[in-house]
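S.K.: Handing over entry_0.cif, mmCIF, C-alpha atoms and all ligand atoms.
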data_entry
loop_
_atom_site.label_atom_id
_atom_site.label_comp_id
_atom_site.auth_asym_id
_atom_site.auth_seq_id
_atom_site.Cartn_x
_atom_site.Cartn_y
_atom_site.Cartn_z
CA MET Y 191 -41.08 -28.75 -5.62
CA THR Y 192 -42.27 -28.19 -2.08
CA PRO Y 193 -42.18 -24.66 -0.69
CA LYS Y 194 -39.50 -25.78 1.76
CA LEU Y 195 -37.26 -27.09 -1.02
CA LEU Y 196 -37.86 -23.94 -3.00
CA ALA Y 197 -36.78 -21.84 -0.05
CA ILE Y 198 -33.60 -23.89 0.41
CA ARG Y 199 -32.85 -23.54 -3.26
CA PHE Y 200 -33.41 -19.82 -3.13
CA PHE Y 201 -30.99 -19.37 -0.25
CA ALA Y 202 -28.38 -21.59 -1.90
CA VAL Y 203 -28.46 -19.42 -5.02
CA LEU Y 204 -28.42 -16.24 -2.96
CA LEU Y 205 -25.40 -17.47 -1.00
CA ALA Y 206 -23.53 -18.43 -4.16
CA PHE Y 207 -24.23 -15.00 -5.59
CA LEU Y 208 -23.12 -13.14 -2.46
CA SER Y 209 -19.88 -15.05 -2.11
CA SER Y 210 -18.90 -14.58 -5.76
CA ALA Y 211 -19.79 -10.89 -6.03
CA PRO Y 212 -16.75 -8.61 -5.72
CA ARG Y 213 -16.62 -7.06 -2.28
CA ALA Y 214 -16.55 -3.30 -2.07
CA ASP Y 215 -14.02 -3.46 0.78
CA ASP Y 216 -11.38 -5.16 -1.39
CA SER Y 217 -9.83 -1.84 -2.35
CA VAL Y 218 -7.03 -0.39 -0.27
CA ILE Y 219 -7.73 2.57 2.02
CA PHE Y 220 -4.70 4.73 2.75
CA SER Y 221 -5.57 5.57 6.35
CA LYS Y 222 -6.62 2.03 7.22
CA ASP Y 223 -4.17 -0.12 5.21
CA ILE Y 224 -1.06 1.96 4.45
CA GLN Y 225 -0.48 4.57 7.16
CA PRO Y 226 -0.47 1.93 9.96
CA ILE Y 227 2.41 0.12 8.18
CA LEU Y 228 4.28 3.42 7.80
CA ASN Y 229 3.72 4.14 11.50
CA GLU Y 230 4.96 0.75 12.56
CA ARG Y 231 7.93 0.29 10.21
CA CYS Y 232 9.03 3.67 8.84
CA VAL Y 233 8.17 6.65 11.04
CA VAL Y 234 10.89 5.82 13.56
CA CYS Y 235 13.28 7.32 10.98
CA HIS Y 236 11.02 9.18 8.56
CA VAL Y 237 9.44 11.70 10.85
CA ARG Y 238 9.16 15.47 10.60
CA GLY Y 239 12.25 16.92 12.21
CA ALA Y 240 14.45 13.87 11.51
CA GLU Y 241 13.33 13.21 7.92
CA GLN Y 242 15.88 10.59 6.93
CA GLY Y 243 16.08 10.34 3.17
CA ASN Y 244 14.48 13.83 3.12
CA LEU Y 245 11.17 12.10 3.64
CA ALA Y 246 8.70 12.43 6.51
CA LEU Y 247 6.12 9.61 6.55
CA ASP Y 248 4.12 10.45 9.66
CA ARG Y 249 0.36 10.80 9.39
CA ARG Y 250 0.41 14.54 8.70
CA ASN Y 251 3.08 14.44 6.00
CA ALA Y 252 3.15 11.06 4.28
CA LEU Y 253 0.66 11.68 1.48
CA ALA Y 254 2.01 15.11 0.57
CA ASN Y 255 5.59 13.82 0.54
CA LEU Y 256 4.88 10.68 -1.47
CA VAL Y 257 2.22 11.20 -4.11
CA ALA Y 258 3.58 12.68 -7.36
CA GLN Y 259 6.69 13.92 -5.53
CA PRO Y 260 10.11 13.43 -7.13
CA SER Y 261 12.43 11.02 -5.39
CA SER Y 262 15.74 12.51 -4.29
CA GLN Y 263 17.56 9.32 -5.37
CA SER Y 264 16.21 8.54 -8.84
CA GLY Y 265 14.35 10.02 -11.79
CA LEU Y 266 11.13 8.33 -10.68
CA ALA Y 267 8.41 9.86 -8.57
CA ARG Y 268 8.16 8.36 -5.09
CA VAL Y 269 4.56 7.42 -5.92
CA GLU Y 270 3.30 7.64 -9.50
CA PRO Y 271 -0.51 7.47 -9.15
CA GLY Y 272 -1.87 4.56 -11.20
CA ASP Y 273 1.53 2.94 -11.87
CA SER Y 274 3.31 1.06 -9.12
CA THR Y 275 6.13 -0.04 -11.46
CA GLU Y 276 7.07 3.63 -11.97
CA SER Y 277 6.94 4.36 -8.24
CA TYR Y 278 10.34 4.56 -6.53
CA LEU Y 279 8.78 3.70 -3.15
CA ILE Y 280 7.91 0.20 -4.40
CA HIS Y 281 11.45 -0.38 -5.69
CA LYS Y 282 12.84 0.67 -2.31
CA LEU Y 283 10.51 -1.78 -0.55
CA LYS Y 284 11.50 -4.62 -2.90
CA GLY Y 285 15.21 -3.75 -2.88
CA ASN Y 286 15.25 -3.05 -6.66
CA GLN Y 287 16.26 0.58 -6.27
CA LEU Y 288 19.65 0.17 -8.02
CA GLU Y 289 17.98 -1.37 -11.08
CA VAL Y 290 15.94 1.80 -11.65
CA GLY Y 291 18.84 4.21 -11.27
CA GLY Y 292 18.34 4.82 -7.56
CA SER Y 293 20.65 4.45 -4.59
CA GLY Y 294 20.83 3.54 -0.93
CA ALA Y 295 19.37 0.53 0.85
CA ARG Y 296 16.20 -1.52 0.78
CA MET Y 297 13.55 -0.09 3.12
CA PRO Y 298 12.93 -0.40 5.99
CA LEU Y 299 16.62 0.24 6.58
CA GLY Y 300 18.23 -2.12 9.07
CA SER Y 301 15.28 -4.47 9.57
CA GLY Y 302 13.45 -7.24 7.71
CA PRO Y 303 11.50 -6.45 4.53
CA LEU Y 304 7.77 -5.90 4.50
CA THR Y 305 5.79 -9.07 3.76
CA LYS Y 306 4.67 -9.78 0.18
CA LYS Y 307 1.13 -9.04 1.32
CA GLU Y 308 2.10 -5.66 2.73
CA ILE Y 309 4.00 -4.69 -0.43
CA ALA Y 310 0.99 -5.83 -2.49
CA LYS Y 311 -1.15 -3.41 -0.48
CA PHE Y 312 1.14 -0.53 -1.41
CA GLU Y 313 1.00 -1.62 -5.06
CA SER Y 314 -2.80 -1.84 -5.08
CA TRP Y 315 -3.11 1.51 -3.39
CA ILE Y 316 -0.89 3.11 -6.06
CA ASN Y 317 -2.49 1.26 -8.99
CA GLU Y 318 -5.93 2.30 -7.76
CA GLY Y 319 -4.83 5.96 -8.00
CA ALA Y 320 -3.01 6.62 -4.68
CA ALA Y 321 -6.01 8.33 -3.12
CA GLY Y 322 -5.75 10.06 0.24
CA ASN Y 323 -8.72 8.20 1.69
C1 LIG B 1 16.36 2.92 10.37
C2 LIG B 1 15.87 4.10 9.68
C3 LIG B 1 14.92 3.91 8.51
C4 LIG B 1 13.77 3.15 8.46
C5 LIG B 1 13.17 2.28 9.56
C6 LIG B 1 13.18 3.38 7.16
N1 LIG B 1 13.97 4.24 6.44
FE1 LIG B 1 13.63 4.88 4.52
N2 LIG B 1 15.40 5.88 4.52
C7 LIG B 1 16.28 5.94 5.58
C8 LIG B 1 17.51 6.60 5.15
C9 LIG B 1 18.72 6.89 6.03
C10 LIG B 1 17.34 6.91 3.77
C11 LIG B 1 18.38 7.54 2.81
C12 LIG B 1 19.48 6.50 2.49
C13 LIG B 1 19.00 5.28 1.75
O1 LIG B 1 18.13 5.37 0.85
O2 LIG B 1 19.48 4.16 2.02
C14 LIG B 1 15.99 6.47 3.41
C15 LIG B 1 15.42 6.64 2.16
C16 LIG B 1 14.12 6.27 1.82
C17 LIG B 1 13.47 6.56 0.55
C18 LIG B 1 14.05 7.32 -0.61
C19 LIG B 1 13.57 8.75 -0.58
C20 LIG B 1 13.79 9.48 -1.87
O3 LIG B 1 13.49 10.68 -1.93
O4 LIG B 1 14.23 8.91 -2.86
C21 LIG B 1 12.23 6.02 0.62
C22 LIG B 1 11.15 6.05 -0.46
C23 LIG B 1 12.09 5.42 1.92
N3 LIG B 1 13.27 5.58 2.62
C24 LIG B 1 10.95 4.77 2.36
C25 LIG B 1 10.86 4.06 3.56
C26 LIG B 1 9.71 3.30 3.95
C27 LIG B 1 8.43 3.19 3.14
C28 LIG B 1 10.01 2.72 5.16
C29 LIG B 1 9.17 1.77 5.95
C30 LIG B 1 8.66 0.60 5.26
C31 LIG B 1 11.34 3.17 5.53
N4 LIG B 1 11.82 3.97 4.53
C32 LIG B 1 12.00 2.83 6.72
C33 LIG B 1 16.05 5.47 6.87
C34 LIG B 1 15.03 4.59 7.23
#
Represent the supplied structure as structure tokens.
M.R.:
Amino acid sequence: MTPKLLAIRFFAVLLAFLSSAPRADDSVIFSKDIQPILNERCVVCHVRGAEQGNLALDRRNALANLVAQPSSQSGLARVEPGDSTESYLIHKLKGNQLEVGGSGARMPLGSGPLTKKEIAKFESWINEGAAGN
């Protein structure tokens, strides 16, 4: 094989390896992936001082009010770190809250649901441990 062919081969293999390797930035970062959705879709009602549903979701309060905190509507925690199916927040986003013994409406109240992709981000964040990163 000529050196040129060898070089082409080398880069082809390198490229295949790089594109198949899991990317470190696949995991969900709370401040980058979750809080912006809360700001855009939830904080209008869930803000310190108004606190609809007894829940403030603004940047300073969201993590402390969600992670391992009991829901006021069901026996589930709002966010159960490591288990999105046991997290009341996810049921409220999907509109399944009545099926898990909860109450009230699907969130965000009065407007269209989050996209599947957005809800999947919340689920990944919770299943990855609900870190405050
Ligand atoms: C238009 C106002 C409004 C918006 C927007 C809104 N909420 Fe709510 N939220 C409420 C009200 C009012 C309640 C209590 C009544 C109910 O559950 O229907 C509530 C309750 C909740 C609860 C239950 C709290 C508990 O302790 O059990 C969660 C969780 C919640 N909201 C999350 C969200 C999230 C996440 C968003 C954004 C994706 C959002 N909400 C958007 C008004 C709103």
S.K.: So which one's closest to ligand LIG 1 (chain B), Y:Gly322, Y:Pro226, Y:Gly285, Y:Pro260? Using only C-alpha atoms and all ligand atoms, please.
M.R.: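 Of Y:Gly322, Y:Pro226, Y:Gly285, Y:Pro260, the one nearest ligand LIG 1 (chain B), counting only C-alpha atoms and all ligand atoms, is Y:Pro260.
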S.K.: Give the residue list for ligand LIG 1 (chain B) at 6 Å, counting only C-alpha atoms and all ligand atoms, as a PyMOL selection string, sorted by chain and then by residue number.
M.R.: chain Y and resi 228+231-232+234-235+242-243+245+261-263+268+279+282+294-295+297-300
S.K.: One decimal, Å: what's the distance from CA of Gly292 in chain Y over to CA of Ala258 in chain Y, could you say?
M.R.: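 A separation of 16.7 Å between them.
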S.K.: With only C-alpha atoms as the basis for distance, which of Y:Leu266, Y:Ile219, Y:Leu253, Y:Ala240 is at the shortest distance from Tyr278 in chain Y?
M.R.: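 Smallest distance to Tyr278 in chain Y is found for Y:Leu266.
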S.K.: In Å to one decimal, how far is CA of Val290 in chain Y from CA of Asn229 in chain Y?
M.R.: 26.3 Å
S.K.: Please, which residues are within 12 Å of (5.9, 8.0, -5.1) by the file's coordinates, counting all atoms listed in the file, and could they come as a ChimeraX atom specification?
M.R.: /Y:245,247,252-283,312-313,315-317,319-320
S.K.: So, with all atoms listed in the file as the atoms that count, which of Y:Ser314, Y:Asn323, Y:Thr192, Y:Ser301 lies closest to Gln225 in chain Y?
M.R.: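 Closest residue, counting all atoms listed in the file: Y:Asn323.
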S.K.: Which one is closest to Glu230 in chain Y: Y:Arg199, Y:Arg249, Y:Lys311, Y:Arg296? Count only C-alpha atoms.
M.R.: Y:Arg249
S.K.: Please report the interatomic distance between CA of Ala321 in chain Y and CA of Arg238 in chain Y in Å with one decimal.
M.R.: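 CA of Arg238 in chain Y lies at a distance of 21.7 Å from CA of Ala321 in chain Y.
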